[in-house]
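Asker: Sharing start.txt here; it has compact mmCIF, C-alpha atoms.
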```txt
# COMPACT_ATOMS: atom_id res chain seq x y z
CA MET S 182 8.76 248.91 94.17
CA LYS S 183 6.55 246.08 92.94
CA PRO S 184 6.15 245.77 89.14
CA THR S 185 2.35 246.10 89.44
CA LYS S 186 2.81 249.54 91.02
CA THR S 187 5.45 250.34 88.41
CA LEU S 188 2.97 249.49 85.64
CA THR S 189 0.46 251.97 87.07
CA LEU S 190 3.07 254.68 87.43
CA ILE S 191 4.29 254.19 83.86
CA ALA S 192 0.75 254.48 82.54
CA ILE S 193 0.28 257.74 84.47
CA PHE S 194 3.67 258.98 83.24
CA LEU S 195 2.76 258.27 79.62
CA GLY S 196 -0.45 260.25 79.98
CA LEU S 197 1.37 263.17 81.53
CA LEU S 198 4.11 263.03 78.90
CA GLN S 199 1.63 263.15 76.04
CA ALA S 200 -0.31 265.97 77.72
CA ALA S 201 2.90 267.92 78.33
CA GLY S 202 3.86 267.48 74.70
CA ALA S 203 0.51 268.84 73.56
CA GLN S 204 0.81 271.86 75.89
CA ALA S 205 4.37 272.57 74.75
CA GLU S 206 3.32 272.43 71.10
CA GLU S 207 0.38 274.78 71.74
CA ALA S 208 2.62 277.23 73.63
CA THR S 209 5.20 277.20 70.84
CA ALA S 210 2.54 277.80 68.19
CA ALA S 211 0.98 280.63 70.19
CA SER S 212 4.28 282.47 70.70
CA ALA S 213 5.58 282.08 67.17
CA ALA S 214 4.75 284.59 64.42
CA PRO S 215 2.69 283.02 61.65
CA ASP S 216 4.59 282.14 58.50
CA ILE S 217 2.40 281.26 55.57
CA THR S 218 5.40 280.11 53.54
CA ALA S 219 6.52 277.53 56.09
CA GLY S 220 5.79 273.86 55.44
CA PRO S 221 4.36 271.41 57.97
CA SER S 222 6.46 270.86 61.06
CA SER S 223 6.33 268.53 64.03
CA SER S 224 6.91 269.17 67.71
CA PRO S 225 9.96 267.54 69.34
CA TYR S 226 7.78 266.86 72.39
CA ARG S 227 5.13 264.76 70.69
CA PRO S 228 5.50 261.25 69.22
CA ASP S 229 5.71 261.32 65.44
CA MET S 230 3.86 258.00 64.87
CA GLY S 231 5.89 257.78 61.66
CA ARG S 232 5.94 254.00 61.17
CA LEU S 233 3.47 252.10 59.00
CA LEU S 234 0.18 250.87 60.42
CA ALA S 235 0.46 247.48 62.17
CA THR S 236 4.29 247.54 62.23
CA GLN S 237 4.36 247.52 66.04
CA GLY S 238 2.47 244.22 66.06
CA VAL S 239 0.29 243.52 69.08
CA SER S 240 1.14 242.94 72.74
CA SER S 241 2.17 239.45 73.81
CA VAL S 242 0.81 237.98 77.04
CA GLU S 243 4.22 238.60 78.64
CA GLY S 244 4.36 242.28 77.62
CA PRO S 245 6.72 242.72 74.63
CA ALA S 246 5.51 243.75 71.19
CA GLY S 247 4.94 240.91 68.75
CA GLY S 248 2.30 238.22 68.53
CA GLY S 249 -0.01 236.98 71.26
CA ILE S 250 2.23 234.23 72.67
CA THR S 251 5.67 235.17 71.40
CA PRO S 252 7.75 238.37 71.06
CA TRP S 253 8.85 239.64 67.66
CA ALA S 254 11.84 241.80 66.77
CA LEU S 255 9.50 244.81 66.46
CA ILE S 256 9.75 247.73 68.90
CA ALA S 257 6.56 248.86 70.67
CA GLY S 258 4.81 252.02 69.48
CA TYR S 259 4.88 253.83 66.16
CA GLY S 260 7.81 256.14 66.92
CA THR S 261 10.62 256.36 64.38
CA ARG S 262 14.35 256.55 65.16
CA ASP S 263 13.88 260.20 66.13
CA SER S 264 10.90 259.70 68.41
CA TYR S 265 9.15 257.35 70.82
CA GLY S 266 5.92 255.41 71.18
CA ALA S 267 4.03 253.39 73.75
CA ASN S 268 0.98 251.23 74.30
CA VAL S 269 -1.13 249.64 77.00
CA HIS S 270 -2.95 246.33 76.64
CA TYR S 271 -5.43 244.04 78.34
CA SER S 272 -5.92 240.42 77.30
CA THR S 273 -8.15 237.63 78.53
CA LEU S 274 -8.30 233.89 77.83
CA ARG S 275 -10.72 231.18 78.99
CA THR S 276 -10.13 227.43 78.67
CA GLN S 277 -12.22 224.53 79.92
CA ASP S 278 -10.74 224.66 83.43
CA PHE S 279 -8.73 227.85 83.74
CA GLY S 280 -8.92 231.62 83.26
CA PHE S 281 -5.99 233.86 82.37
CA ASP S 282 -5.78 237.67 82.21
CA THR S 283 -2.85 239.96 81.55
CA ALA S 284 -2.35 243.73 81.45
CA GLY S 285 0.74 245.70 80.59
CA VAL S 286 2.55 248.78 79.34
CA ALA S 287 5.33 248.91 76.73
CA VAL S 288 7.44 251.91 75.71
CA GLY S 289 9.54 252.11 72.54
CA LEU S 290 12.44 254.56 72.30
CA PHE S 291 13.91 255.66 68.93
CA ASP S 292 12.77 252.41 67.27
CA ARG S 293 15.71 250.83 69.07
CA VAL S 294 14.88 250.02 72.72
CA GLU S 295 11.69 248.65 74.26
CA LEU S 296 10.80 248.56 77.96
CA SER S 297 7.74 246.65 79.16
CA VAL S 298 5.92 245.80 82.37
CA ALA S 299 3.10 243.26 82.63
CA THR S 300 1.10 241.46 85.28
CA GLN S 301 -0.55 238.06 84.75
CA ASN S 302 -3.44 236.56 86.70
CA PHE S 303 -4.20 232.85 86.41
CA ARG S 304 -6.98 230.96 88.17
CA ALA S 305 -8.55 227.53 88.24
CA ARG S 306 -12.28 227.51 87.43
CA SER S 307 -13.15 223.85 88.09
CA GLY S 308 -11.77 220.58 89.40
CA PRO S 309 -9.70 219.91 92.54
CA LEU S 310 -7.90 223.26 92.27
CA ASP S 311 -11.07 225.33 91.87
CA SER S 312 -10.54 228.90 93.22
CA LEU S 313 -6.74 228.61 93.14
CA ARG S 314 -5.17 231.89 91.95
CA VAL S 315 -1.65 232.72 90.80
CA ASN S 316 -0.24 236.18 90.01
CA GLN S 317 3.02 236.95 88.21
CA ASP S 318 4.80 240.21 87.40
CA ILE S 319 7.11 240.60 84.41
CA ILE S 320 9.64 243.32 83.53
CA GLY S 321 11.06 243.18 80.02
CA VAL S 322 13.69 244.86 77.89
CA LYS S 323 14.32 244.46 74.16
CA VAL S 324 17.00 245.98 71.91
CA ARG S 325 17.00 246.02 68.11
CA LEU S 326 20.42 244.92 66.90
CA PHE S 327 20.15 245.42 63.15
CA GLY S 328 17.78 245.30 60.21
CA ASN S 329 14.66 247.30 59.43
CA LEU S 330 11.27 245.67 59.00
CA VAL S 331 10.09 248.00 56.24
CA TYR S 332 13.17 249.35 54.47
CA ASP S 333 15.11 246.09 54.04
CA GLN S 334 12.96 244.85 51.15
CA GLU S 335 15.77 244.44 48.62
CA ASP S 336 17.41 241.53 50.44
CA TRP S 337 16.61 238.78 52.94
CA MET S 338 17.89 240.71 55.94
CA PRO S 339 15.37 240.43 58.81
CA GLN S 340 15.02 242.79 61.72
CA VAL S 341 16.80 241.17 64.67
CA SER S 342 16.37 241.99 68.37
CA ILE S 343 17.48 240.49 71.66
CA GLY S 344 15.48 240.64 74.85
CA ALA S 345 15.09 239.53 78.44
CA GLU S 346 12.05 239.04 80.69
CA TYR S 347 12.45 239.00 84.45
CA LYS S 348 9.51 237.18 86.05
CA HIS S 349 8.46 237.05 89.70
CA ASN S 350 5.71 234.67 90.82
CA ASN S 351 3.74 236.02 93.79
CA GLY S 352 2.64 232.60 95.02
CA LEU S 353 -0.49 230.48 95.26
CA LYS S 354 -3.62 232.14 96.65
CA GLY S 355 -7.19 231.11 97.39
CA LEU S 356 -7.37 227.35 97.78
CA LEU S 357 -3.73 227.31 98.85
CA ASN S 358 -1.61 230.08 100.33
CA ALA S 359 1.97 229.07 99.67
CA SER S 360 4.94 229.66 97.43
CA VAL S 361 4.70 228.17 93.96
CA THR S 362 7.58 225.92 95.01
CA ALA S 363 4.92 223.85 96.82
CA LEU S 364 4.08 222.39 93.39
CA GLY S 365 7.68 221.28 92.87
CA ALA S 366 9.27 224.33 91.26
CA LYS S 367 12.81 225.19 92.35
CA SER S 368 12.29 228.97 92.39
CA ASP S 369 9.53 231.59 92.32
CA SER S 370 11.47 233.91 90.00
CA GLY S 371 13.54 233.62 86.85
CA THR S 372 14.70 235.38 83.70
CA ASP S 373 14.03 234.36 80.10
CA PHE S 374 16.46 235.42 77.37
CA TYR S 375 15.54 235.48 73.69
CA ILE S 376 16.56 236.54 70.22
CA SER S 377 13.93 237.27 67.56
CA ALA S 378 14.23 237.65 63.79
CA THR S 379 11.26 239.18 61.95
CA LYS S 380 10.92 239.62 58.19
CA LEU S 381 8.17 241.54 56.39
CA PHE S 382 7.63 240.77 52.69
CA LEU S 383 5.61 243.82 51.64
CA SER S 384 4.90 242.72 48.08
CA GLN S 385 3.58 239.37 49.35
CA SER S 386 1.77 240.92 52.37
CA LEU S 387 3.49 238.32 54.56
CA LEU S 388 5.31 238.53 57.90
CA ALA S 389 7.43 235.73 59.38
CA ASN S 390 9.08 235.57 62.80
CA VAL S 391 11.36 233.11 64.56
CA THR S 392 12.30 233.45 68.24
CA LEU S 393 14.83 231.35 70.15
CA ARG S 394 14.27 231.46 73.92
CA ALA S 395 16.37 230.21 76.84
CA THR S 396 14.08 229.57 79.82
CA LYS S 397 13.43 227.64 83.02
CA ALA S 398 9.79 228.76 83.22
CA ASN S 399 6.93 226.36 83.84
CA GLN S 400 3.78 227.57 82.04
CA MET S 401 5.52 230.92 81.36
CA GLY S 402 6.47 231.04 85.07
CA LEU S 403 2.95 230.74 86.46
CA LEU S 404 4.05 227.41 87.99
CA GLY S 405 7.50 228.68 88.92
CA PHE S 406 10.91 227.96 87.46
CA GLY S 407 12.79 224.68 87.24
CA GLY S 408 11.62 221.50 88.88
CA ASP S 409 12.25 217.95 89.96
CA LEU S 410 12.76 216.74 86.37
CA HIS S 411 14.94 219.54 85.04
CA ASN S 412 16.49 222.65 86.56
CA SER S 413 18.63 224.26 83.90
CA TYR S 414 17.94 226.55 80.96
CA SER S 415 16.23 224.91 78.00
CA PRO S 416 16.45 226.25 74.44
CA GLU S 417 12.93 226.64 73.04
CA ILE S 418 11.76 227.69 69.57
CA GLU S 419 8.84 229.98 68.75
CA GLY S 420 7.45 230.85 65.34
CA SER S 421 4.81 233.14 63.85
CA LEU S 422 3.38 233.64 60.39
CA ALA S 423 0.97 236.46 59.53
CA TYR S 424 -0.77 237.42 56.29
CA LEU S 425 -2.00 240.98 55.75
CA LEU S 426 -5.46 240.80 54.21
CA SER S 427 -5.46 244.60 53.95
CA LYS S 428 -3.74 247.48 55.71
CA ASN S 429 -6.22 247.04 58.60
CA TRP S 430 -6.59 243.25 58.88
CA ALA S 431 -4.14 240.42 59.50
CA VAL S 432 -4.55 236.68 60.09
CA GLY S 433 -1.96 234.20 61.19
CA ALA S 434 -0.75 231.43 63.45
CA GLU S 435 1.89 230.94 66.15
CA TYR S 436 3.67 227.99 67.75
CA ARG S 437 5.74 227.91 70.93
CA THR S 438 7.64 225.00 72.46
CA ASN S 439 8.04 224.69 76.23
CA PRO S 440 10.26 222.81 78.69
CA HIS S 441 8.99 219.92 80.83
CA ASN S 442 10.49 220.51 84.28
CA LEU S 443 7.79 219.28 86.66
CA SER S 444 6.43 215.77 87.17
CA ALA S 445 3.25 217.46 88.47
CA ASP S 446 2.78 219.28 85.15
CA ASN S 447 3.04 217.46 81.84
CA GLN S 448 3.58 220.73 79.99
CA LYS S 449 3.01 220.75 76.23
CA ASP S 450 3.61 223.25 73.44
CA TYR S 451 1.32 226.25 72.81
CA TYR S 452 -0.20 227.25 69.49
CA ASP S 453 -2.83 229.68 68.24
CA ALA S 454 -4.62 231.00 65.16
CA PHE S 455 -5.45 234.70 65.26
CA VAL S 456 -7.09 237.60 63.50
CA ALA S 457 -6.02 241.19 64.27
CA TYR S 458 -7.78 244.42 63.37
CA PHE S 459 -5.99 247.80 63.23
CA PRO S 460 -8.65 250.50 62.64
CA THR S 461 -6.10 253.24 63.44
CA LYS S 462 -2.58 253.51 64.84
CA ASN S 463 -4.09 254.22 68.25
CA ILE S 464 -5.97 250.97 68.74
CA SER S 465 -5.94 247.30 67.77
CA ILE S 466 -8.09 244.31 68.61
CA THR S 467 -6.93 240.69 68.42
CA ALA S 468 -8.97 237.51 68.72
CA ALA S 469 -7.53 234.00 68.65
CA TYR S 470 -8.16 230.34 69.19
CA VAL S 471 -5.45 229.15 71.60
CA ASN S 472 -4.33 225.67 72.69
CA LEU S 473 -2.18 225.58 75.84
CA GLY S 474 -1.92 221.81 76.03
CA SER S 475 -1.89 220.18 79.45
CA ILE S 476 -1.88 222.24 82.68
CA VAL S 477 -1.19 220.29 85.93
CA ALA S 478 -3.30 217.42 84.56
CA PRO S 479 -1.47 214.77 86.67
CA VAL S 480 -2.69 216.61 89.79
CA THR S 481 -6.15 217.78 88.77
CA HIS S 482 -7.08 215.02 86.30
CA ASN S 483 -8.61 217.84 84.27
CA ASN S 484 -8.65 217.87 80.50
CA ALA S 485 -5.27 217.06 79.00
CA ARG S 486 -5.95 219.74 76.38
CA GLN S 487 -6.68 223.27 77.57
CA ASN S 488 -7.96 225.32 74.65
CA GLY S 489 -10.19 228.33 74.33
CA PHE S 490 -10.62 231.81 72.91
CA TYR S 491 -8.41 234.80 73.54
CA VAL S 492 -9.23 238.50 73.11
CA SER S 493 -6.78 241.39 73.45
CA LEU S 494 -7.26 245.16 73.27
CA GLN S 495 -4.28 247.46 72.72
CA ALA S 496 -4.21 251.27 72.73
CA GLY S 497 -1.27 253.59 72.22
CA PHE S 498 0.70 255.81 69.85
```
Any chance you could put this one into structure tokens?

Answerer:
Amino acid sequence: MKPTKTLTLIAIFLGLLQAAGAQAEEATAASAAPDITAGPSSSPYRPDMGRLLATQGVSSVEGPAGGGITPWALIAGYGTRDSYGANVHYSTLRTQDFGFDTAGVAVGLFDRVELSVATQNFRARSGPLDSLRVNQDIIGVKVRLFGNLVYDQEDWMPQVSIGAEYKHNNGLKGLLNASVTALGAKSDSGTDFYISATKLFLSQSLLANVTLRATKANQMGLLGFGGDLHNSYSPEIEGSLAYLLSKNWAVGAEYRTNPHNLSADNQKDYYDAFVAYFPTKNISITAAYVNLGSIVAPVTHNNARQNGFYVSLQAGF
């Protein structure tokens, strides 16, 4: 089954699961005798949403929970170790010559395991490649190894997670109809592996993250994997810093290094500056200024710097 179909099915499943939980809770309440001495209780079928606001981060453009362009050690959703959580997201970015959209679903289980599915759509908007479209599907998994973002405040222990992202590029469409290998990539699919360490300093309202990634991906995989210049895994570093203005607002910046595998694409590092708003645990909105560096500039002779504004909407529990 294609990941895009899987994404749709997961979204439907999450809706049914939440509805089933609500019905089960109502049925239990209706059948039970009232007890005015009993304290508040929660249903085992419904997510507890027990974690602090904003502690699931936002959705990255590749699906995992974290920042906009890099995963963090956080697990998606607000479920505690006894529950689960999930979210869906849609993000869009426009640069001078390109457009980029991504949508995805992420599920967090017991604040330990995260499963994610995302689809990316990239298109040229001007220049020699005008009307060229590229689609990529991503399936991700993340596991928290140790540490707790909130409770480990007495020492320097960060929350640490490992993860993997399997990516499949569906080829070039529109102007060209061919495999992405036509641009020089060695493969149309690949897997990124990463380890993330995230530390929240509650008293300073500061969050810091460092991610080390092993990858062959060109432009996150949108231009395939490997190339004529380099065809082995490269270690890349990613970092994020966020400051909590209040419980509902955060500002910050991210930086991500990238490999240079293709002579047709003088790929540079990514960076952004963002502001995120968390009105409730069910929704968040992120806006950012993003610089993606050069994208196939040797071929298109387009701007060597592709920068623009990014907006992302996330909903979940």

Asker: Considering only C-alpha atoms, return as an NGL selection string whatever protein or nucleic-acid residues lie within 9 Å of Tyr491 of chain S, sequence-local ones (same chain, fewer than 5 positions apart) excluded.

Answerer: :S and (249 or 272-275 or 455 or 467-471)

Asker: Those selected residues, please, written with C-alpha atoms and delivered as a PDB file, in the coordinates of the input.

Answerer:
```pdb
ATOM      1  CA  GLY S 249      -0.010 236.980  71.260  1.00  0.00           C
ATOM      2  CA  SER S 272      -5.920 240.420  77.300  1.00  0.00           C
ATOM      3  CA  THR S 273      -8.150 237.630  78.530  1.00  0.00           C
ATOM      4  CA  LEU S 274      -8.300 233.890  77.830  1.00  0.00           C
ATOM      5  CA  ARG S 275     -10.720 231.180  78.990  1.00  0.00           C
ATOM      6  CA  PHE S 455      -5.450 234.700  65.260  1.00  0.00           C
ATOM      7  CA  THR S 467      -6.930 240.690  68.420  1.00  0.00           C
ATOM      8  CA  ALA S 468      -8.970 237.510  68.720  1.00  0.00           C
ATOM      9  CA  ALA S 469      -7.530 234.000  68.650  1.00  0.00           C
ATOM     10  CA  TYR S 470      -8.160 230.340  69.190  1.00  0.00           C
ATOM     11  CA  VAL S 471      -5.450 229.150  71.600  1.00  0.00           C
TER      12      VAL S 471
END
```

Asker: Using all atoms listed in the file, find each residue in segment 261-346 of chain S having at least one atom no more than 9 Å away from segment 234-240 of chain S; report its shortest atom-to-atom pair and that distance in Å (one decimal), rows by chain then rising number, as CSV.

Answerer:
```
residue,atom,partner,partner_atom,distance
S:Asn268,CA,S:Ser240,CA,8.4
S:Val269,CA,S:Ser240,CA,8.3
S:His270,CA,S:Ser240,CA,6.6
S:Tyr271,CA,S:Ser240,CA,8.7
S:Ser272,CA,S:Ser240,CA,8.8
S:Gly285,CA,S:Ser240,CA,8.3
S:Val286,CA,S:Ser240,CA,8.9
S:Ala287,CA,S:Ser240,CA,8.3
S:Leu330,CA,S:Thr236,CA,7.9
S:Val331,CA,S:Thr236,CA,8.4
```

Asker: Can you list, as an mmCIF file with C-alpha atoms, in the coordinates of the input, every protein, DNA or RNA residue that comes within 7 Å of Leu473 of chain S when you count all atoms listed in the file, leaving out same-chain residues fewer than 5 positions away?

Answerer:
```cif
data_model
loop_
_atom_site.group_PDB
_atom_site.id
_atom_site.type_symbol
_atom_site.label_atom_id
_atom_site.label_comp_id
_atom_site.auth_asym_id
_atom_site.auth_seq_id
_atom_site.Cartn_x
_atom_site.Cartn_y
_atom_site.Cartn_z
ATOM 1 C CA ASP S 450 3.610 223.250 73.440
ATOM 2 C CA TYR S 451 1.320 226.250 72.810
ATOM 3 C CA TYR S 452 -0.200 227.250 69.490
ATOM 4 C CA ARG S 486 -5.950 219.740 76.380
ATOM 5 C CA GLN S 487 -6.680 223.270 77.570
ATOM 6 C CA ASN S 488 -7.960 225.320 74.650
#
```

Asker: With distances taken over only C-alpha atoms, which of S:Leu356, S:Val288, S:Ala431, S:Ala445 is nearest to Gly258 of chain S?

Answerer: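 Closest candidate: S:Val288.
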
Asker: Find the distance between atom CA of Lys354 of chain S and atom CA of Leu313 of chain S and write it in Å to one decimal.

Answerer: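 Interatomic distance here is 5.9 Å.
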
Asker: When distances are computed from only C-alpha atoms, which of S:Ile376, S:Pro479, S:Gly231, S:Ala457 shows the smallest separation from Leu494 of chain S?

Answerer: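 For Leu494 of chain S, the nearest of the given residues is S:Ala457.
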
Asker: Using all atoms listed in the file, determine which residues lie at most 9 Å from Tyr436 of chain S, disregarding the query and same-chain residues fewer than 3 positions distant; provide the list as number ranges by chain.

Answerer: S: 250-251, 418-421, 450-453

Asker: Between atom CA of Thr379 of chain S and atom CA of Phe459 of chain S, what is the distance, to one decimal in Å?

Answerer: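 Computing it gives 19.3 Å between the two atoms.
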
Asker: For atom CA of Ser475 of chain S and atom CA of Asn447 of chain S, quote the distance in Å rounded to one decimal.

Answerer: 6.1 Å

Asker: Could you give me, as a tab-separated table, a per-residue list for segment 371-420 of chain S showing, wherever an atom lies at most 12 Å from an atom of segment 289-301 of chain S, the closest pair of atoms and their distance in Å to one decimal, using all atoms listed in the file and sorting by chain then residue number from low to high?

Answerer:
```
residue	atom	partner	partner_atom	distance
S:Gln400	CA	S:Gln301	CA	11.7
S:Met401	CA	S:Gln301	CA	10.0
S:Gly402	CA	S:Gln301	CA	9.9
S:Leu403	CA	S:Gln301	CA	8.3
```
